[in-house]
file structure33.cif (mmCIF, N, CA and C atoms)
data_work
#
loop_
_atom_site.label_atom_id
_atom_site.label_comp_id
_atom_site.auth_asym_id
_atom_site.auth_seq_id
_atom_site.Cartn_x
_atom_site.Cartn_y
_atom_site.Cartn_z
N MET A 1 0.86 -1.17 0.00
CA MET A 1 0.00 0.00 0.00
C MET A 1 0.91 1.23 0.00
N ASP A 2 0.59 2.20 -0.84
CA ASP A 2 1.37 3.44 -0.81
C ASP A 2 0.64 4.48 0.03
N ILE A 3 1.30 5.61 0.21
CA ILE A 3 0.77 6.64 1.10
C ILE A 3 -0.55 7.20 0.59
N ASP A 4 -0.70 7.33 -0.74
CA ASP A 4 -1.94 7.87 -1.30
C ASP A 4 -3.13 6.96 -0.99
N GLU A 5 -2.93 5.63 -1.05
CA GLU A 5 -4.00 4.68 -0.73
C GLU A 5 -4.36 4.78 0.75
N LYS A 6 -3.35 4.92 1.62
CA LYS A 6 -3.63 5.03 3.06
C LYS A 6 -4.46 6.27 3.35
N LEU A 7 -4.09 7.40 2.74
CA LEU A 7 -4.84 8.63 2.99
C LEU A 7 -6.24 8.54 2.43
N MET A 8 -6.42 7.87 1.30
CA MET A 8 -7.76 7.70 0.74
C MET A 8 -8.62 6.87 1.68
N ASN A 9 -8.01 5.86 2.34
CA ASN A 9 -8.74 5.04 3.30
C ASN A 9 -9.19 5.87 4.51
N GLU A 10 -8.48 6.96 4.80
CA GLU A 10 -8.84 7.82 5.91
C GLU A 10 -9.74 8.97 5.48
N GLY A 11 -10.19 8.96 4.21
CA GLY A 11 -11.10 9.98 3.72
C GLY A 11 -10.43 11.28 3.32
N LEU A 12 -9.15 11.23 3.02
CA LEU A 12 -8.40 12.42 2.64
C LEU A 12 -7.76 12.18 1.29
N ALA A 13 -8.00 13.06 0.34
CA ALA A 13 -7.40 12.92 -0.99
C ALA A 13 -6.36 14.02 -1.17
N ILE A 14 -5.12 13.62 -1.41
CA ILE A 14 -4.03 14.55 -1.64
C ILE A 14 -3.40 14.19 -2.98
N ALA A 15 -3.12 15.18 -3.78
CA ALA A 15 -2.52 14.94 -5.09
C ALA A 15 -1.18 14.23 -4.94
N PRO A 16 -0.83 13.38 -5.92
CA PRO A 16 0.45 12.67 -5.87
C PRO A 16 1.62 13.65 -5.75
N GLY A 17 2.54 13.33 -4.88
CA GLY A 17 3.73 14.15 -4.70
C GLY A 17 3.61 15.22 -3.63
N VAL A 18 2.41 15.49 -3.15
CA VAL A 18 2.25 16.54 -2.15
C VAL A 18 2.93 16.15 -0.83
N VAL A 19 2.75 14.94 -0.39
CA VAL A 19 3.35 14.50 0.88
C VAL A 19 4.88 14.52 0.75
N GLU A 20 5.40 14.07 -0.39
CA GLU A 20 6.84 14.10 -0.61
C GLU A 20 7.37 15.53 -0.61
N THR A 21 6.61 16.44 -1.17
CA THR A 21 7.02 17.84 -1.19
C THR A 21 7.04 18.43 0.22
N ILE A 22 6.06 18.07 1.04
CA ILE A 22 6.04 18.51 2.44
C ILE A 22 7.31 18.04 3.15
N VAL A 23 7.65 16.78 2.93
CA VAL A 23 8.86 16.21 3.54
C VAL A 23 10.10 16.95 3.03
N SER A 24 10.18 17.15 1.72
CA SER A 24 11.34 17.81 1.13
C SER A 24 11.54 19.21 1.70
N LEU A 25 10.46 19.98 1.80
CA LEU A 25 10.57 21.34 2.33
C LEU A 25 11.00 21.34 3.79
N ALA A 26 10.50 20.40 4.57
CA ALA A 26 10.89 20.30 5.98
C ALA A 26 12.36 19.93 6.11
N VAL A 27 12.82 18.98 5.30
CA VAL A 27 14.20 18.52 5.37
C VAL A 27 15.17 19.63 4.95
N CYS A 28 14.80 20.40 3.94
CA CYS A 28 15.68 21.48 3.47
C CYS A 28 15.90 22.56 4.52
N GLN A 29 15.05 22.65 5.52
CA GLN A 29 15.19 23.66 6.56
C GLN A 29 16.06 23.20 7.72
N VAL A 30 16.52 21.95 7.69
CA VAL A 30 17.38 21.42 8.75
C VAL A 30 18.79 21.96 8.56
N ASP A 31 19.39 22.49 9.63
CA ASP A 31 20.76 22.98 9.55
C ASP A 31 21.71 21.88 9.09
N GLY A 32 22.50 22.19 8.09
CA GLY A 32 23.48 21.25 7.58
C GLY A 32 23.05 20.54 6.31
N VAL A 33 21.77 20.53 6.01
CA VAL A 33 21.30 19.88 4.79
C VAL A 33 21.56 20.81 3.62
N ALA A 34 22.33 20.32 2.66
CA ALA A 34 22.65 21.09 1.46
C ALA A 34 21.59 20.89 0.39
N GLN A 35 21.10 19.65 0.28
CA GLN A 35 20.16 19.31 -0.80
C GLN A 35 19.49 17.99 -0.48
N VAL A 36 18.26 17.86 -0.91
CA VAL A 36 17.56 16.58 -0.82
C VAL A 36 17.81 15.85 -2.13
N GLY A 37 18.17 14.58 -2.05
CA GLY A 37 18.46 13.79 -3.24
C GLY A 37 19.94 13.60 -3.41
N ALA A 38 20.29 12.57 -4.16
CA ALA A 38 21.69 12.24 -4.41
C ALA A 38 22.23 13.09 -5.54
N PRO A 39 23.52 13.41 -5.48
CA PRO A 39 24.12 14.17 -6.58
C PRO A 39 24.23 13.29 -7.81
N SER A 40 23.89 13.86 -8.95
CA SER A 40 24.06 13.12 -10.19
C SER A 40 24.05 14.10 -11.35
N LEU A 41 24.56 13.66 -12.46
CA LEU A 41 24.59 14.51 -13.64
C LEU A 41 23.18 14.83 -14.10
N SER A 42 22.29 13.85 -14.03
CA SER A 42 20.92 14.07 -14.50
C SER A 42 20.20 15.11 -13.63
N ASN A 43 20.46 15.13 -12.31
CA ASN A 43 19.86 16.16 -11.45
C ASN A 43 20.36 17.54 -11.83
N SER A 44 21.67 17.66 -12.09
CA SER A 44 22.23 18.95 -12.45
C SER A 44 21.66 19.43 -13.77
N PHE A 45 21.56 18.53 -14.72
CA PHE A 45 21.03 18.87 -16.04
C PHE A 45 19.57 19.29 -15.94
N ALA A 46 18.79 18.51 -15.19
CA ALA A 46 17.37 18.82 -15.06
C ALA A 46 17.15 20.13 -14.33
N SER A 47 17.95 20.40 -13.29
CA SER A 47 17.75 21.64 -12.54
C SER A 47 18.10 22.86 -13.37
N ALA A 48 18.97 22.70 -14.35
CA ALA A 48 19.31 23.81 -15.23
C ALA A 48 18.09 24.25 -16.04
N PHE A 49 17.18 23.34 -16.28
CA PHE A 49 15.96 23.66 -17.03
C PHE A 49 14.73 23.73 -16.15
N ARG A 50 14.94 23.78 -14.82
CA ARG A 50 13.84 23.91 -13.85
C ARG A 50 12.84 22.76 -13.92
N LYS A 51 13.30 21.58 -14.27
CA LYS A 51 12.41 20.42 -14.31
C LYS A 51 12.69 19.45 -13.17
N TRP A 52 13.58 19.82 -12.27
CA TRP A 52 13.90 18.95 -11.14
C TRP A 52 12.77 19.02 -10.15
N HIS A 53 12.30 17.89 -9.70
CA HIS A 53 11.19 17.84 -8.75
C HIS A 53 11.75 17.89 -7.33
N PRO A 54 11.19 18.75 -6.44
CA PRO A 54 11.75 18.90 -5.10
C PRO A 54 11.65 17.65 -4.24
N ALA A 55 10.82 16.70 -4.62
CA ALA A 55 10.64 15.49 -3.81
C ALA A 55 11.54 14.35 -4.27
N GLN A 56 12.41 14.61 -5.22
CA GLN A 56 13.33 13.58 -5.68
C GLN A 56 14.23 13.18 -4.51
N GLY A 57 14.42 11.89 -4.31
CA GLY A 57 15.23 11.42 -3.20
C GLY A 57 14.42 11.08 -1.97
N ILE A 58 13.09 11.05 -2.09
CA ILE A 58 12.22 10.73 -0.96
C ILE A 58 11.30 9.59 -1.36
N LEU A 59 11.21 8.60 -0.48
CA LEU A 59 10.30 7.48 -0.70
C LEU A 59 9.45 7.32 0.55
N ILE A 60 8.13 7.32 0.37
CA ILE A 60 7.20 7.17 1.48
C ILE A 60 6.32 5.96 1.20
N MET A 61 6.26 5.06 2.17
CA MET A 61 5.46 3.84 2.00
C MET A 61 4.62 3.59 3.25
N ALA A 62 3.47 2.98 3.05
CA ALA A 62 2.63 2.51 4.15
C ALA A 62 2.56 1.00 4.04
N ASP A 63 2.89 0.29 5.12
CA ASP A 63 2.84 -1.17 5.07
C ASP A 63 1.43 -1.67 5.38
N ASP A 64 1.28 -2.98 5.42
CA ASP A 64 -0.04 -3.58 5.65
C ASP A 64 -0.62 -3.22 7.02
N ASP A 65 0.25 -2.90 7.98
CA ASP A 65 -0.20 -2.50 9.32
C ASP A 65 -0.48 -1.01 9.40
N GLU A 66 -0.51 -0.33 8.23
CA GLU A 66 -0.76 1.10 8.13
C GLU A 66 0.30 1.92 8.85
N GLN A 67 1.52 1.41 8.91
CA GLN A 67 2.65 2.14 9.46
C GLN A 67 3.34 2.89 8.32
N ILE A 68 3.62 4.16 8.50
CA ILE A 68 4.28 4.97 7.49
C ILE A 68 5.78 4.91 7.72
N THR A 69 6.52 4.62 6.66
CA THR A 69 7.97 4.66 6.71
C THR A 69 8.45 5.64 5.64
N VAL A 70 9.49 6.37 5.97
CA VAL A 70 10.02 7.38 5.07
C VAL A 70 11.52 7.13 4.88
N ALA A 71 11.98 7.21 3.64
CA ALA A 71 13.41 7.16 3.33
C ALA A 71 13.77 8.48 2.65
N VAL A 72 14.80 9.13 3.16
CA VAL A 72 15.22 10.43 2.63
C VAL A 72 16.71 10.38 2.30
N HIS A 73 17.04 10.76 1.08
CA HIS A 73 18.43 10.86 0.65
C HIS A 73 18.81 12.33 0.66
N VAL A 74 19.93 12.67 1.32
CA VAL A 74 20.35 14.06 1.43
C VAL A 74 21.84 14.20 1.16
N GLN A 75 22.22 15.43 0.86
CA GLN A 75 23.62 15.83 0.85
C GLN A 75 23.79 16.81 2.00
N VAL A 76 24.94 16.78 2.65
CA VAL A 76 25.17 17.58 3.84
C VAL A 76 26.35 18.51 3.58
N PHE A 77 26.27 19.72 4.14
CA PHE A 77 27.39 20.65 4.04
C PHE A 77 28.55 20.14 4.88
N TYR A 78 29.75 20.34 4.38
CA TYR A 78 30.97 19.97 5.10
C TYR A 78 31.04 20.75 6.41
N GLY A 79 31.45 20.05 7.48
CA GLY A 79 31.63 20.69 8.77
C GLY A 79 30.52 20.40 9.77
N TYR A 80 29.43 19.81 9.31
CA TYR A 80 28.33 19.46 10.21
C TYR A 80 28.47 18.01 10.67
N ARG A 81 28.09 17.75 11.90
CA ARG A 81 28.11 16.37 12.41
C ARG A 81 26.98 15.60 11.75
N LEU A 82 27.33 14.53 11.08
CA LEU A 82 26.34 13.77 10.31
C LEU A 82 25.23 13.21 11.18
N GLN A 83 25.57 12.72 12.36
CA GLN A 83 24.56 12.16 13.27
C GLN A 83 23.55 13.23 13.67
N GLU A 84 24.02 14.43 13.94
CA GLU A 84 23.11 15.51 14.34
C GLU A 84 22.21 15.94 13.18
N VAL A 85 22.76 15.98 11.98
CA VAL A 85 21.95 16.32 10.81
C VAL A 85 20.87 15.26 10.60
N ALA A 86 21.25 13.98 10.70
CA ALA A 86 20.29 12.90 10.51
C ALA A 86 19.18 12.96 11.56
N GLU A 87 19.54 13.26 12.80
CA GLU A 87 18.52 13.39 13.86
C GLU A 87 17.60 14.56 13.56
N GLY A 88 18.15 15.66 13.07
CA GLY A 88 17.33 16.81 12.70
C GLY A 88 16.37 16.50 11.57
N VAL A 89 16.85 15.72 10.59
CA VAL A 89 16.00 15.32 9.47
C VAL A 89 14.86 14.45 9.97
N ARG A 90 15.17 13.48 10.82
CA ARG A 90 14.11 12.60 11.36
C ARG A 90 13.04 13.42 12.08
N GLY A 91 13.46 14.32 12.94
CA GLY A 91 12.51 15.14 13.68
C GLY A 91 11.68 16.03 12.78
N ALA A 92 12.32 16.62 11.78
CA ALA A 92 11.60 17.50 10.85
C ALA A 92 10.55 16.75 10.07
N VAL A 93 10.87 15.52 9.64
CA VAL A 93 9.92 14.72 8.86
C VAL A 93 8.72 14.34 9.72
N VAL A 94 8.99 13.85 10.92
CA VAL A 94 7.90 13.44 11.82
C VAL A 94 7.00 14.63 12.14
N ASP A 95 7.59 15.77 12.48
CA ASP A 95 6.81 16.96 12.82
C ASP A 95 5.99 17.46 11.63
N ALA A 96 6.60 17.49 10.45
CA ALA A 96 5.90 18.02 9.26
C ALA A 96 4.73 17.13 8.87
N LEU A 97 4.93 15.82 8.85
CA LEU A 97 3.84 14.94 8.44
C LEU A 97 2.71 14.91 9.46
N TYR A 98 3.05 14.93 10.73
CA TYR A 98 1.99 14.94 11.73
C TYR A 98 1.27 16.29 11.76
N GLY A 99 2.04 17.36 11.67
CA GLY A 99 1.46 18.70 11.76
C GLY A 99 0.63 19.09 10.55
N GLN A 100 1.03 18.67 9.36
CA GLN A 100 0.34 19.12 8.16
C GLN A 100 -0.64 18.11 7.58
N VAL A 101 -0.37 16.82 7.80
CA VAL A 101 -1.24 15.80 7.21
C VAL A 101 -1.95 14.99 8.30
N GLY A 102 -1.41 15.02 9.52
CA GLY A 102 -2.04 14.29 10.61
C GLY A 102 -1.72 12.81 10.65
N ILE A 103 -0.62 12.41 10.03
CA ILE A 103 -0.24 11.00 10.07
C ILE A 103 1.02 10.82 10.90
N GLU A 104 1.08 9.71 11.61
CA GLU A 104 2.24 9.39 12.42
C GLU A 104 3.20 8.53 11.62
N VAL A 105 4.47 8.74 11.83
CA VAL A 105 5.52 8.05 11.09
C VAL A 105 6.16 7.00 11.99
N ALA A 106 6.25 5.78 11.48
CA ALA A 106 6.86 4.69 12.25
C ALA A 106 8.38 4.80 12.23
N SER A 107 8.96 5.14 11.07
CA SER A 107 10.41 5.26 10.99
C SER A 107 10.81 6.18 9.85
N VAL A 108 11.99 6.80 10.04
CA VAL A 108 12.58 7.65 9.02
C VAL A 108 14.01 7.19 8.83
N ASP A 109 14.33 6.71 7.63
CA ASP A 109 15.69 6.30 7.30
C ASP A 109 16.35 7.45 6.54
N VAL A 110 17.51 7.87 7.02
CA VAL A 110 18.23 8.98 6.39
C VAL A 110 19.48 8.42 5.74
N PHE A 111 19.65 8.71 4.46
CA PHE A 111 20.81 8.27 3.70
C PHE A 111 21.60 9.52 3.30
N ILE A 112 22.82 9.62 3.80
CA ILE A 112 23.68 10.75 3.44
C ILE A 112 24.50 10.31 2.24
N ASP A 113 24.13 10.88 1.10
CA ASP A 113 24.72 10.45 -0.17
C ASP A 113 25.88 11.31 -0.64
N GLY A 114 26.15 12.39 0.05
CA GLY A 114 27.26 13.23 -0.36
C GLY A 114 27.50 14.37 0.60
N ILE A 115 28.69 14.95 0.47
CA ILE A 115 29.10 16.12 1.25
C ILE A 115 29.34 17.25 0.26
N GLN A 116 28.81 18.42 0.54
CA GLN A 116 29.08 19.58 -0.30
C GLN A 116 30.05 20.50 0.42
N PHE A 117 31.06 20.92 -0.32
CA PHE A 117 32.08 21.80 0.23
C PHE A 117 31.79 23.24 -0.18
N PRO A 118 32.23 24.20 0.63
CA PRO A 118 32.03 25.60 0.25
C PRO A 118 32.78 25.90 -1.05
N GLU A 119 32.23 26.81 -1.82
CA GLU A 119 32.86 27.12 -3.11
C GLU A 119 33.90 28.19 -2.97
#
call {"tool": "encode", "arguments": {"input": "structure33.cif", "output": "structure tokens"}}
result
Amino acid sequence: MDIDEKLMNEGLAIAPGVVETIVSLAVCQVDGVAQVGAPSLSNSFASAFRKWHPAQGILIMADDDEQITVAVHVQVFYGYRLQEVAEGVRGAVVDALYGQVGIEVASVDVFIDGIQFPE
């Protein structure tokens, strides 16, 4: 079951990608997060033409027990403690989803896919 099916079962219809966008915006506000999603040539190329989707790098699933799990891929600025950034991401995701959609999150997996250095 995906998140859209779970929300439909609760009588709430949200357009595809809205929940992922909520998560993405919350994660981007965490100190130390440089970007949501893994670095790649295709992301750079797509962002040059403004076709990059802000929810890229986020996967949200609801299991059979109606537990929501979230996986977030991020890049972190150099100089930040990775454990603290990951904890901040987890808290931001849980708070955003509960506060804006009213759903509780069972787990948030944070994948740090890269470090960005100052230019």
call {"tool": "resolve_selection", "arguments": {"input": "structure33.cif", "expression": "the PyMOL selection byres ((chain A and resi 34) around 7)", "output": "list in words"}}
result
Cys28, Asp31, Gly32, Val33, Gln35, Val36, Val74, Gln75, Val76, Phe77 and Gln116 of chain A
call {"tool": "write_last_selection", "arguments": {"input": "structure33.cif", "atoms": "N, CA and C atoms", "output": "PDB file, in the frame of the given file"}}
result
ATOM      1  N   CYS A  28      14.800  20.400   3.940  1.00  0.00           N
ATOM      2  CA  CYS A  28      15.680  21.480   3.470  1.00  0.00           C
ATOM      3  C   CYS A  28      15.900  22.560   4.520  1.00  0.00           C
ATOM      4  N   ASP A  31      19.390  22.490   9.630  1.00  0.00           N
ATOM      5  CA  ASP A  31      20.760  22.980   9.550  1.00  0.00           C
ATOM      6  C   ASP A  31      21.710  21.880   9.090  1.00  0.00           C
ATOM      7  N   GLY A  32      22.500  22.190   8.090  1.00  0.00           N
ATOM      8  CA  GLY A  32      23.480  21.250   7.580  1.00  0.00           C
ATOM      9  C   GLY A  32      23.050  20.540   6.310  1.00  0.00           C
ATOM     10  N   VAL A  33      21.770  20.530   6.010  1.00  0.00           N
ATOM     11  CA  VAL A  33      21.300  19.880   4.790  1.00  0.00           C
ATOM     12  C   VAL A  33      21.560  20.810   3.620  1.00  0.00           C
ATOM     13  N   GLN A  35      21.100  19.650   0.280  1.00  0.00           N
ATOM     14  CA  GLN A  35      20.160  19.310  -0.800  1.00  0.00           C
ATOM     15  C   GLN A  35      19.490  17.990  -0.480  1.00  0.00           C
ATOM     16  N   VAL A  36      18.260  17.860  -0.910  1.00  0.00           N
ATOM     17  CA  VAL A  36      17.560  16.580  -0.820  1.00  0.00           C
ATOM     18  C   VAL A  36      17.810  15.850  -2.130  1.00  0.00           C
ATOM     19  N   VAL A  74      19.930  12.670   1.320  1.00  0.00           N
ATOM     20  CA  VAL A  74      20.350  14.060   1.430  1.00  0.00           C
ATOM     21  C   VAL A  74      21.840  14.200   1.160  1.00  0.00           C
ATOM     22  N   GLN A  75      22.220  15.430   0.860  1.00  0.00           N
ATOM     23  CA  GLN A  75      23.620  15.830   0.850  1.00  0.00           C
ATOM     24  C   GLN A  75      23.790  16.810   2.000  1.00  0.00           C
ATOM     25  N   VAL A  76      24.940  16.780   2.650  1.00  0.00           N
ATOM     26  CA  VAL A  76      25.170  17.580   3.840  1.00  0.00           C
ATOM     27  C   VAL A  76      26.350  18.510   3.580  1.00  0.00           C
ATOM     28  N   PHE A  77      26.270  19.720   4.140  1.00  0.00           N
ATOM     29  CA  PHE A  77      27.390  20.650   4.040  1.00  0.00           C
ATOM     30  C   PHE A  77      28.550  20.140   4.880  1.00  0.00           C
ATOM     31  N   GLN A 116      28.810  18.420   0.540  1.00  0.00           N
ATOM     32  CA  GLN A 116      29.080  19.580  -0.300  1.00  0.00           C
ATOM     33  C   GLN A 116      30.050  20.500   0.420  1.00  0.00           C
TER      34      GLN A 116
END
call {"tool": "residues_around", "arguments": {"input": "structure33.cif", "residues": "segment 101-106 of chain A", "least_positions_apart": "2", "cutoff": "6.5 Å", "atoms": "all atoms listed in the file", "output": "MDAnalysis selection string"}}
result
chainID A and resid 67:70 94 96:99 108
call {"tool": "resolve_selection", "arguments": {"input": "structure33.cif", "expression": "the PyMOL selection byres (((chain A and resi 88 and name CA) around 10) and name CA)", "output": "ChimeraX atom specification"}}
result
/A:26-27,29-33,82-87,89-93
call {"tool": "select_by_dssp", "arguments": {"input": "structure33.cif", "residues": "segment 15-112 of chain A", "states": "strand (DSSP E)", "output": "list of chain:residue names"}}
result
A:Val33, A:Ala34, A:Gln35, A:Val36, A:Ile58, A:Leu59, A:Ile60, A:Met61, A:Ala62, A:Ile68, A:Thr69, A:Val70, A:Ala71, A:Val72, A:His73, A:Val74, A:Gln75, A:Val76, A:Phe77, A:Val105, A:Ala106, A:Ser107, A:Val108, A:Asp109, A:Val110, A:Phe111, A:Ile112
call {"tool": "atom_distance", "arguments": {"input": "structure33.cif", "atom1": "atom N of Gln56 of chain A", "atom2": "atom N of Ala13 of chain A"}}
result
21.2 Å
call {"tool": "atom_distance", "arguments": {"input": "structure33.cif", "atom1": "atom CA of Tyr80 of chain A", "atom2": "atom CA of Ser107 of chain A"}}
result
22.9 Å
call {"tool": "atom_distance", "arguments": {"input": "structure33.cif", "atom1": "atom CA of Arg81 of chain A", "atom2": "atom N of Glu20 of chain A"}}
result
26.2 Å
call {"tool": "residues_around", "arguments": {"input": "structure33.cif", "residues": "segment 57-59 of chain A", "least_positions_apart": "4", "cutoff": "6 Å", "atoms": "only C-alpha atoms", "output": "compact mmCIF listing (two decimals) with N, CA and C atoms, in the frame of the given file"}}
result
# COMPACT_ATOMS: atom_id res chain seq x y z
N GLY A 37 18.17 14.58 -2.05
CA GLY A 37 18.46 13.79 -3.24
C GLY A 37 19.94 13.60 -3.41
N VAL A 70 9.49 6.37 5.97
CA VAL A 70 10.02 7.38 5.07
C VAL A 70 11.52 7.13 4.88
N ALA A 71 11.98 7.21 3.64
CA ALA A 71 13.41 7.16 3.33
C ALA A 71 13.77 8.48 2.65
N VAL A 72 14.80 9.13 3.16
CA VAL A 72 15.22 10.43 2.63
C VAL A 72 16.71 10.38 2.30
N HIS A 73 17.04 10.76 1.08
CA HIS A 73 18.43 10.86 0.65
C HIS A 73 18.81 12.33 0.66
